[in-house]
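> If it helps, the file is called work00.cif and holds mmCIF, N, CA and C atoms:
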```cif
data_upload
#
loop_
_atom_site.label_atom_id
_atom_site.label_comp_id
_atom_site.auth_asym_id
_atom_site.auth_seq_id
_atom_site.Cartn_x
_atom_site.Cartn_y
_atom_site.Cartn_z
N MET J 1 -3.24 -9.73 6.85
CA MET J 1 -2.99 -9.28 5.50
C MET J 1 -1.48 -9.21 5.28
N PRO J 2 -0.83 -10.32 5.03
CA PRO J 2 0.62 -10.32 4.83
C PRO J 2 1.02 -9.71 3.49
N VAL J 3 1.87 -8.70 3.57
CA VAL J 3 2.42 -8.07 2.38
C VAL J 3 3.60 -8.92 1.90
N VAL J 4 3.60 -9.28 0.62
CA VAL J 4 4.67 -10.11 0.09
C VAL J 4 5.63 -9.33 -0.81
N SER J 5 5.18 -8.17 -1.33
CA SER J 5 6.05 -7.37 -2.18
C SER J 5 5.47 -5.97 -2.33
N SER J 6 6.32 -5.03 -2.67
CA SER J 6 5.86 -3.69 -3.02
C SER J 6 6.86 -3.06 -3.98
N PHE J 7 6.34 -2.32 -4.94
CA PHE J 7 7.16 -1.68 -5.96
C PHE J 7 6.35 -0.58 -6.64
N TYR J 8 7.01 0.51 -6.94
CA TYR J 8 6.39 1.64 -7.66
C TYR J 8 5.06 2.08 -7.05
N GLY J 9 4.96 2.03 -5.74
CA GLY J 9 3.74 2.45 -5.06
C GLY J 9 2.65 1.39 -5.02
N ILE J 10 2.94 0.21 -5.54
CA ILE J 10 1.99 -0.90 -5.56
C ILE J 10 2.34 -1.87 -4.43
N VAL J 11 1.34 -2.27 -3.67
CA VAL J 11 1.54 -3.22 -2.57
C VAL J 11 0.80 -4.51 -2.92
N ILE J 12 1.52 -5.64 -2.82
CA ILE J 12 0.96 -6.95 -3.12
C ILE J 12 0.79 -7.71 -1.81
N PHE J 13 -0.40 -8.25 -1.59
CA PHE J 13 -0.65 -8.96 -0.34
C PHE J 13 -1.67 -10.08 -0.53
N PHE J 14 -1.74 -10.94 0.48
CA PHE J 14 -2.70 -12.03 0.55
C PHE J 14 -3.51 -11.87 1.83
N PHE J 15 -4.65 -12.51 1.87
CA PHE J 15 -5.39 -12.69 3.11
C PHE J 15 -5.27 -14.15 3.49
N PHE J 16 -5.30 -14.45 4.78
CA PHE J 16 -5.26 -15.83 5.24
C PHE J 16 -6.60 -16.51 4.99
N ASP J 17 -6.54 -17.85 4.75
CA ASP J 17 -7.73 -18.69 4.61
C ASP J 17 -8.73 -18.09 3.65
N HIS J 18 -8.28 -17.75 2.44
CA HIS J 18 -9.12 -17.05 1.46
C HIS J 18 -9.77 -18.02 0.49
N HIS J 19 -10.68 -17.53 -0.29
CA HIS J 19 -11.50 -18.31 -1.22
C HIS J 19 -10.81 -18.50 -2.57
N ASN J 20 -11.26 -19.51 -3.32
CA ASN J 20 -10.80 -19.72 -4.69
C ASN J 20 -11.50 -18.73 -5.62
N PRO J 21 -10.97 -18.47 -6.78
CA PRO J 21 -9.77 -19.01 -7.40
C PRO J 21 -8.52 -18.41 -6.76
N PRO J 22 -7.37 -19.07 -6.94
CA PRO J 22 -6.13 -18.54 -6.39
C PRO J 22 -5.88 -17.11 -6.90
N HIS J 23 -5.64 -16.20 -5.97
CA HIS J 23 -5.47 -14.81 -6.33
C HIS J 23 -4.64 -14.08 -5.27
N PHE J 24 -4.21 -12.89 -5.63
CA PHE J 24 -3.57 -11.99 -4.67
C PHE J 24 -4.21 -10.63 -4.80
N HIS J 25 -3.94 -9.78 -3.84
CA HIS J 25 -4.48 -8.42 -3.84
C HIS J 25 -3.37 -7.46 -4.23
N ALA J 26 -3.72 -6.48 -5.04
CA ALA J 26 -2.79 -5.41 -5.41
C ALA J 26 -3.46 -4.09 -5.07
N LYS J 27 -2.73 -3.24 -4.35
CA LYS J 27 -3.26 -1.94 -3.96
C LYS J 27 -2.33 -0.86 -4.49
N TYR J 28 -2.93 0.15 -5.09
CA TYR J 28 -2.18 1.29 -5.63
C TYR J 28 -2.96 2.54 -5.28
N GLY J 29 -2.46 3.30 -4.31
CA GLY J 29 -3.21 4.47 -3.85
C GLY J 29 -4.55 4.06 -3.31
N GLU J 30 -5.61 4.67 -3.83
CA GLU J 30 -6.96 4.34 -3.38
C GLU J 30 -7.56 3.15 -4.13
N PHE J 31 -6.83 2.61 -5.08
CA PHE J 31 -7.33 1.51 -5.92
C PHE J 31 -6.86 0.16 -5.39
N GLU J 32 -7.74 -0.82 -5.51
CA GLU J 32 -7.38 -2.17 -5.10
C GLU J 32 -8.06 -3.18 -6.03
N ALA J 33 -7.35 -4.26 -6.34
CA ALA J 33 -7.92 -5.29 -7.20
C ALA J 33 -7.46 -6.66 -6.73
N LEU J 34 -8.30 -7.66 -6.98
CA LEU J 34 -7.94 -9.06 -6.79
C LEU J 34 -7.47 -9.56 -8.14
N ILE J 35 -6.26 -10.13 -8.18
CA ILE J 35 -5.65 -10.57 -9.42
C ILE J 35 -5.56 -12.10 -9.44
N ASP J 36 -6.10 -12.71 -10.49
CA ASP J 36 -6.06 -14.16 -10.66
C ASP J 36 -4.61 -14.59 -10.92
N ILE J 37 -4.12 -15.55 -10.17
CA ILE J 37 -2.72 -16.00 -10.30
C ILE J 37 -2.48 -16.74 -11.62
N GLN J 38 -3.49 -17.39 -12.16
CA GLN J 38 -3.30 -18.14 -13.40
C GLN J 38 -3.33 -17.25 -14.64
N THR J 39 -4.26 -16.29 -14.68
CA THR J 39 -4.45 -15.48 -15.89
C THR J 39 -3.94 -14.05 -15.74
N PHE J 40 -3.72 -13.62 -14.51
CA PHE J 40 -3.33 -12.25 -14.17
C PHE J 40 -4.42 -11.23 -14.48
N GLY J 41 -5.62 -11.72 -14.75
CA GLY J 41 -6.75 -10.83 -14.98
C GLY J 41 -7.31 -10.34 -13.65
N ILE J 42 -8.04 -9.24 -13.71
CA ILE J 42 -8.67 -8.69 -12.51
C ILE J 42 -9.98 -9.43 -12.26
N ILE J 43 -10.07 -10.03 -11.08
CA ILE J 43 -11.28 -10.73 -10.66
C ILE J 43 -12.31 -9.73 -10.17
N ARG J 44 -11.84 -8.79 -9.37
CA ARG J 44 -12.72 -7.78 -8.79
C ARG J 44 -11.88 -6.55 -8.47
N GLY J 45 -12.48 -5.40 -8.54
CA GLY J 45 -11.78 -4.16 -8.22
C GLY J 45 -11.26 -3.47 -9.47
N TYR J 46 -10.33 -2.57 -9.25
CA TYR J 46 -9.81 -1.76 -10.36
C TYR J 46 -8.39 -1.29 -10.04
N LEU J 47 -7.56 -1.28 -11.05
CA LEU J 47 -6.25 -0.64 -11.01
C LEU J 47 -6.11 0.20 -12.28
N PRO J 48 -5.50 1.37 -12.18
CA PRO J 48 -5.21 2.11 -13.41
C PRO J 48 -4.37 1.23 -14.34
N SER J 49 -4.49 1.45 -15.65
CA SER J 49 -3.86 0.55 -16.62
C SER J 49 -2.36 0.43 -16.44
N LYS J 50 -1.66 1.51 -16.13
CA LYS J 50 -0.20 1.43 -15.93
C LYS J 50 0.13 0.55 -14.73
N ALA J 51 -0.59 0.73 -13.63
CA ALA J 51 -0.36 -0.09 -12.43
C ALA J 51 -0.68 -1.55 -12.72
N HIS J 52 -1.78 -1.79 -13.43
CA HIS J 52 -2.14 -3.17 -13.76
C HIS J 52 -1.07 -3.81 -14.64
N SER J 53 -0.54 -3.07 -15.59
CA SER J 53 0.53 -3.59 -16.46
C SER J 53 1.77 -3.97 -15.65
N LEU J 54 2.12 -3.14 -14.68
CA LEU J 54 3.28 -3.43 -13.84
C LEU J 54 3.03 -4.68 -12.99
N VAL J 55 1.82 -4.81 -12.46
CA VAL J 55 1.46 -5.98 -11.66
C VAL J 55 1.54 -7.25 -12.52
N VAL J 56 1.03 -7.19 -13.74
CA VAL J 56 1.07 -8.36 -14.63
C VAL J 56 2.51 -8.72 -14.96
N GLU J 57 3.34 -7.72 -15.25
CA GLU J 57 4.76 -7.97 -15.54
C GLU J 57 5.43 -8.66 -14.36
N TRP J 58 5.20 -8.15 -13.16
CA TRP J 58 5.79 -8.71 -11.95
C TRP J 58 5.27 -10.14 -11.71
N ALA J 59 3.94 -10.31 -11.82
CA ALA J 59 3.34 -11.62 -11.54
C ALA J 59 3.83 -12.69 -12.51
N ALA J 60 4.04 -12.32 -13.77
CA ALA J 60 4.53 -13.28 -14.76
C ALA J 60 5.93 -13.77 -14.38
N LEU J 61 6.72 -12.91 -13.80
CA LEU J 61 8.08 -13.28 -13.37
C LEU J 61 8.08 -14.17 -12.13
N HIS J 62 7.01 -14.08 -11.33
CA HIS J 62 6.99 -14.74 -10.02
C HIS J 62 5.79 -15.67 -9.83
N LYS J 63 5.28 -16.22 -10.92
CA LYS J 63 4.07 -17.05 -10.84
C LYS J 63 4.22 -18.23 -9.89
N GLU J 64 5.34 -18.95 -9.98
CA GLU J 64 5.53 -20.11 -9.09
C GLU J 64 5.55 -19.69 -7.62
N GLU J 65 6.20 -18.59 -7.33
CA GLU J 65 6.24 -18.10 -5.95
C GLU J 65 4.85 -17.67 -5.48
N LEU J 66 4.07 -17.08 -6.37
CA LEU J 66 2.71 -16.67 -6.03
C LEU J 66 1.83 -17.87 -5.71
N VAL J 67 1.97 -18.93 -6.50
CA VAL J 67 1.20 -20.15 -6.24
C VAL J 67 1.58 -20.71 -4.87
N LYS J 68 2.87 -20.74 -4.58
CA LYS J 68 3.34 -21.24 -3.28
C LYS J 68 2.80 -20.37 -2.14
N ASP J 69 2.87 -19.06 -2.31
CA ASP J 69 2.36 -18.16 -1.26
C ASP J 69 0.85 -18.28 -1.09
N TRP J 70 0.14 -18.50 -2.20
CA TRP J 70 -1.31 -18.71 -2.10
C TRP J 70 -1.60 -19.92 -1.21
N GLU J 71 -0.89 -21.00 -1.45
CA GLU J 71 -1.09 -22.22 -0.66
C GLU J 71 -0.77 -21.99 0.81
N LEU J 72 0.30 -21.26 1.08
CA LEU J 72 0.66 -20.94 2.47
C LEU J 72 -0.43 -20.11 3.14
N ALA J 73 -0.87 -19.05 2.48
CA ALA J 73 -1.88 -18.18 3.06
C ALA J 73 -3.20 -18.93 3.25
N LYS J 74 -3.55 -19.76 2.29
CA LYS J 74 -4.80 -20.53 2.40
C LYS J 74 -4.75 -21.47 3.61
N ALA J 75 -3.55 -21.93 3.95
CA ALA J 75 -3.37 -22.81 5.11
C ALA J 75 -3.08 -22.02 6.39
N ASN J 76 -3.33 -20.71 6.35
CA ASN J 76 -3.10 -19.83 7.50
C ASN J 76 -1.63 -19.77 7.92
N LYS J 77 -0.73 -19.91 6.95
CA LYS J 77 0.70 -19.79 7.21
C LYS J 77 1.22 -18.53 6.54
N GLN J 78 2.28 -18.01 7.10
CA GLN J 78 2.87 -16.77 6.60
C GLN J 78 3.47 -16.97 5.20
N PRO J 79 2.99 -16.22 4.18
CA PRO J 79 3.60 -16.33 2.86
C PRO J 79 5.00 -15.69 2.87
N GLU J 80 5.80 -16.10 1.91
CA GLU J 80 7.18 -15.60 1.82
C GLU J 80 7.23 -14.32 1.01
N LYS J 81 8.21 -13.49 1.30
CA LYS J 81 8.43 -12.26 0.54
C LYS J 81 8.85 -12.62 -0.88
N ILE J 82 8.45 -11.78 -1.84
CA ILE J 82 8.80 -11.96 -3.24
C ILE J 82 9.50 -10.69 -3.71
N GLU J 83 10.57 -10.88 -4.48
CA GLU J 83 11.36 -9.75 -4.97
C GLU J 83 10.49 -8.77 -5.73
N PRO J 84 10.66 -7.48 -5.49
CA PRO J 84 9.87 -6.48 -6.22
C PRO J 84 10.31 -6.33 -7.67
N LEU J 85 9.48 -5.69 -8.45
CA LEU J 85 9.81 -5.37 -9.83
C LEU J 85 10.85 -4.26 -9.82
N LYS J 86 11.87 -4.41 -10.65
CA LYS J 86 12.93 -3.39 -10.71
C LYS J 86 12.94 -2.71 -12.05
#
```
Here is a file; write its structure as structure tokens.

Amino acid sequence: MPVVSSFYGIVIFFFFDHHNPPHFHAKYGEFEALIDIQTFGIIRGYLPSKAHSLVVEWAALHKEELVKDWELAKANKQPEKIEPLK
């Protein structure tokens, strides 16, 4: 479970060799959601609305990097760190 970024108590990570559609995991406290890289919608799970808004803001800034990291993780390679939201 490689962590690629964290900000405001939110941790963003991927799993290796994962299933489609391209997505990442976001964890905030006891909440966790799978976020679609193309739409930034929640595929499964739940995040409070403020945390989800922050994740969407961050993901929109780093979409290309997320796609690249998805491909790396899917190929069982270490994804690269992504700058946190400031």
> Can you list, as a PyMOL selection string, the residues that the PyMOL selection byres ((chain J and resi 17) around 5) selects here?
chain J and resi 15-16+18-19+73-74+76
> Restrict the selected residues to N, CA and C atoms and save them as a tab-separated table (two decimals), keeping the file's coordinate frame.

```tsv
chain	number	residue	atom	x	y	z
J	15	PHE	N	-4.65	-12.51	1.87
J	15	PHE	CA	-5.39	-12.69	3.11
J	15	PHE	C	-5.27	-14.15	3.49
J	16	PHE	N	-5.30	-14.45	4.78
J	16	PHE	CA	-5.26	-15.83	5.24
J	16	PHE	C	-6.60	-16.51	4.99
J	18	HIS	N	-8.28	-17.75	2.44
J	18	HIS	CA	-9.12	-17.05	1.46
J	18	HIS	C	-9.77	-18.02	0.49
J	19	HIS	N	-10.68	-17.53	-0.29
J	19	HIS	CA	-11.50	-18.31	-1.22
J	19	HIS	C	-10.81	-18.50	-2.57
J	73	ALA	N	-0.87	-19.05	2.48
J	73	ALA	CA	-1.88	-18.18	3.06
J	73	ALA	C	-3.20	-18.93	3.25
J	74	LYS	N	-3.55	-19.76	2.29
J	74	LYS	CA	-4.80	-20.53	2.40
J	74	LYS	C	-4.75	-21.47	3.61
J	76	ASN	N	-3.33	-20.71	6.35
J	76	ASN	CA	-3.10	-19.83	7.50
J	76	ASN	C	-1.63	-19.77	7.92
```
> List every protein, DNA or RNA residue that has an atom no more than 6 Å from (-10.3, -2.7, -6.0) in the file's coordinate frame, counting all atoms listed in the file, and report them as a ChimeraX atom specification.
/J:31-34,44-47
> May I ask for the distance between CA of Phe13 in chain J and atom N of Ala26 in chain J, given in Å to one decimal place?
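These two atoms are separated by 6.1 Å.
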> If you run DSSP on the backbone, which residues of range 9-62 of chain J are alpha helix (DSSP H), as a list in words?
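Listing alpha helix (DSSP H) positions across range 9-62 of chain J yields Ser49, Lys50, Ala51, His52, Ser53, Leu54, Val55, Val56, Glu57, Trp58, Ala59, Ala60 and Leu61 of chain J.
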> With distances taken over only C-alpha atoms, which of J:Thr39, J:Ser49, J:Pro22, J:Val55 is nearest to Leu72 in chain J?
J:Pro22
> Could you check the closest approach to Leu85 in chain J for each of J:Val67, J:Ile35, J:Ile42, J:Ile10 and tell me which residue wins, using only C-alpha atoms?
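Nearest to Leu85 in chain J: J:Ile10.
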> I'd like to see the residues matched by the PyMOL selection byres (((chain J and resi 57-63 and name CA) around 12) and name CA) on this file, and ideally I'd get them as a ChimeraX atom specification.
/J:4-8,10-12,22-26,35-41,50-56,64-70,80-86
> As an exercise, work out the distance from atom C of Ala75 in chain J to CA of Glu30 in chain J in Å and give it to one decimal place.
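Here the two named atoms are 28.4 Å from each other.
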> What is the distance between atom N of Pro48 in chain J and CA of Asn20 in chain J, in Å to one decimal?
23.0 Å
> Residues of range 8-72 of chain J classed as strand (DSSP E) by DSSP on the backbone are to be reported as number ranges by chain.
J: 10-13, 23-28, 31-36, 42-45
> Using only the atoms of range 57-75 of chain J listed in the file, plus 4 Å on each side, state the axis-aligned box centre and edge lengths in Å rounded to one decimal, as lines of an AutoDock Vina configuration file.

```
center_x = 1.6
center_y = -15.3
center_z = -4.6
size_x = 20.9
size_y = 23.1
size_z = 29.9
```
